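Peer 1: First the structure, which I've put down as structure tokens, then a few questions once you've had a look.
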Amino acid sequence: MLIDWFTVIAQALNFLILVWLLKRFLYKPILNALDAREKRIATELADADAKKTEAGQERDEFTRKNEEFDQQRAALLKKAEDEATAERQRLLDEARKESDTLRTKWQEALRSEHQSLNKELTRRTREEIFAIARKTLADLATTSLEERLGEVFIRRLREMDGQAKEGLAEALKTASDPAIVRSAFDLPAEQRAAIQHALNETFSAEIHVRFEPAPDLVSGIELTTNGQKVAWSIADYLVSLEKDVGELLKEKAKPEANADAPPEQPANEHGT
């Protein structure tokens with residue numbers, strides 16, 4: 001069988017032309033389209049990954065901000081609770097201090113009133129007792145008693161110490177008026193003479209004396225001259241006794257005042 005080389009060459013040439021045409025107008029556009037599609041898909045995937053990454057970052061940022069908000073809210077709540085607790089404690093402390101101050105003032109006022117009442121009651125009682133004693137002695141006084149008191153007065157003149165005697169002697173010497181001897185009752189002539197004699201003898205001079213009654217004296221006699229006075233009476237003992245009783249009551253009132261004082265309260269470390 002003979003080979004038709006012309007036909008073979010023509011067919012081979014046609015095949016090559018067909019392959020070139022297919023490659024040029026069919027395969028190449030298809031490959032380009034596939035490449036473009038692959039590139040577009042890769043781009044879309046890259047965009048999707050970027051968006052996914054961005055969404056993840058935004059989610060992390062939101063979570064972080066949410067956690068920060070929760071922390072800030074908790075801190076603000078704790079701060080508000082602490083401030084409320086501190087304010088409540090401050091108000092309680094102020095109320096307690098005011099209450100303690102008022103109670104202390106009330107106790108002091110009550111104690112002061114109690115002490116004043118005791119002092120006033122003691123003073124009035126003492127005054128009444130000694131007033132009654134004076135009145136009783138004045139009512140019981142008699143002329144004979146006054147005469148006996150004159151004898152005591154004379155003895156007191158004779159027993160005067162040096163300084164008192166010198167002072168009275170100077171007063172008698174410089175006095176322009178007679179010395180005055182006062183007594184609750186009129187002294188009899190014998191008693192006056194005895195007192196005059198005692199004065200002359202005690203001061204070694206003629207003493208001018210004027211005798212006067214003095215109802216206000218309580219069983220006693222007194223000599224006054226130029227600002228000096230020598231006296232003896234039961235009233236003097238009453239005054240001395242009254243003074244001693246007053247001092248005794250004052251000393252007794254001191255422990256009572258200390259006992260009435262409120263005890264010191266121990267400090268509490270929590271202020272309660």
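Just so we're on the same page: first chain in the structure tokens is A, next is B, and so on; residues restart at 1 for each chain, and ligands are numbered from 1 in the order they show up.
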Write out as a list in words the set of residues from segment 51-189 of chain A that DSSP, computed on the backbone, places in strand (DSSP E or B).
Peer 2: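 Result set for segment 51-189 of chain A (strand (DSSP E or B)): Ala179, Ile180, Val181, Arg182 and Ser183 of chain A.
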Peer 1: Let me make sure I understand: among A:Ala169, A:Arg155, A:Gln115, A:Leu18, which one has the smallest atom-to-atom distance to Ser204 of chain A if we use only C-alpha atoms?
Peer 2: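 Between A:Ala169, A:Arg155, A:Gln115, A:Leu18, the residue approaching Ser204 of chain A most closely is A:Ala169.
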Peer 1: Would you kindly return, as a PDB file with C-alpha atoms, in the first residue's frame, each protein, DNA or RNA residue with an atom no farther than 12 Å from any atom of Gln228 of chain A, considering only C-alpha atoms and excluding same-chain residues fewer than 4 positions away?
Peer 2:
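Result file is out.pdb:
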```
ATOM      1  CA  ALA A 164      -1.792  92.258 172.623  1.00  0.00           C
ATOM      2  CA  LYS A 165      -1.228  94.078 175.901  1.00  0.00           C
ATOM      3  CA  GLU A 166       1.122  96.601 174.268  1.00  0.00           C
ATOM      4  CA  GLY A 167      -1.345  97.257 171.453  1.00  0.00           C
ATOM      5  CA  LEU A 168      -4.235  97.827 173.829  1.00  0.00           C
ATOM      6  CA  ALA A 169      -2.083  99.983 176.135  1.00  0.00           C
ATOM      7  CA  GLU A 170      -1.096 102.209 173.189  1.00  0.00           C
ATOM      8  CA  ALA A 171      -4.750 102.477 172.112  1.00  0.00           C
ATOM      9  CA  LEU A 172      -5.828 103.453 175.642  1.00  0.00           C
ATOM     10  CA  LYS A 173      -3.005 105.993 175.920  1.00  0.00           C
ATOM     11  CA  THR A 174      -3.778 107.730 172.606  1.00  0.00           C
ATOM     12  CA  ALA A 175      -7.574 107.548 172.838  1.00  0.00           C
ATOM     13  CA  ALA A 179     -12.852 103.206 176.760  1.00  0.00           C
ATOM     14  CA  ILE A 180     -16.233 101.535 176.415  1.00  0.00           C
ATOM     15  CA  GLU A 222     -16.142  93.544 175.419  1.00  0.00           C
ATOM     16  CA  LEU A 223     -13.783  96.498 175.778  1.00  0.00           C
ATOM     17  CA  THR A 224     -13.264  98.815 172.790  1.00  0.00           C
TER      18      THR A 224
END
```
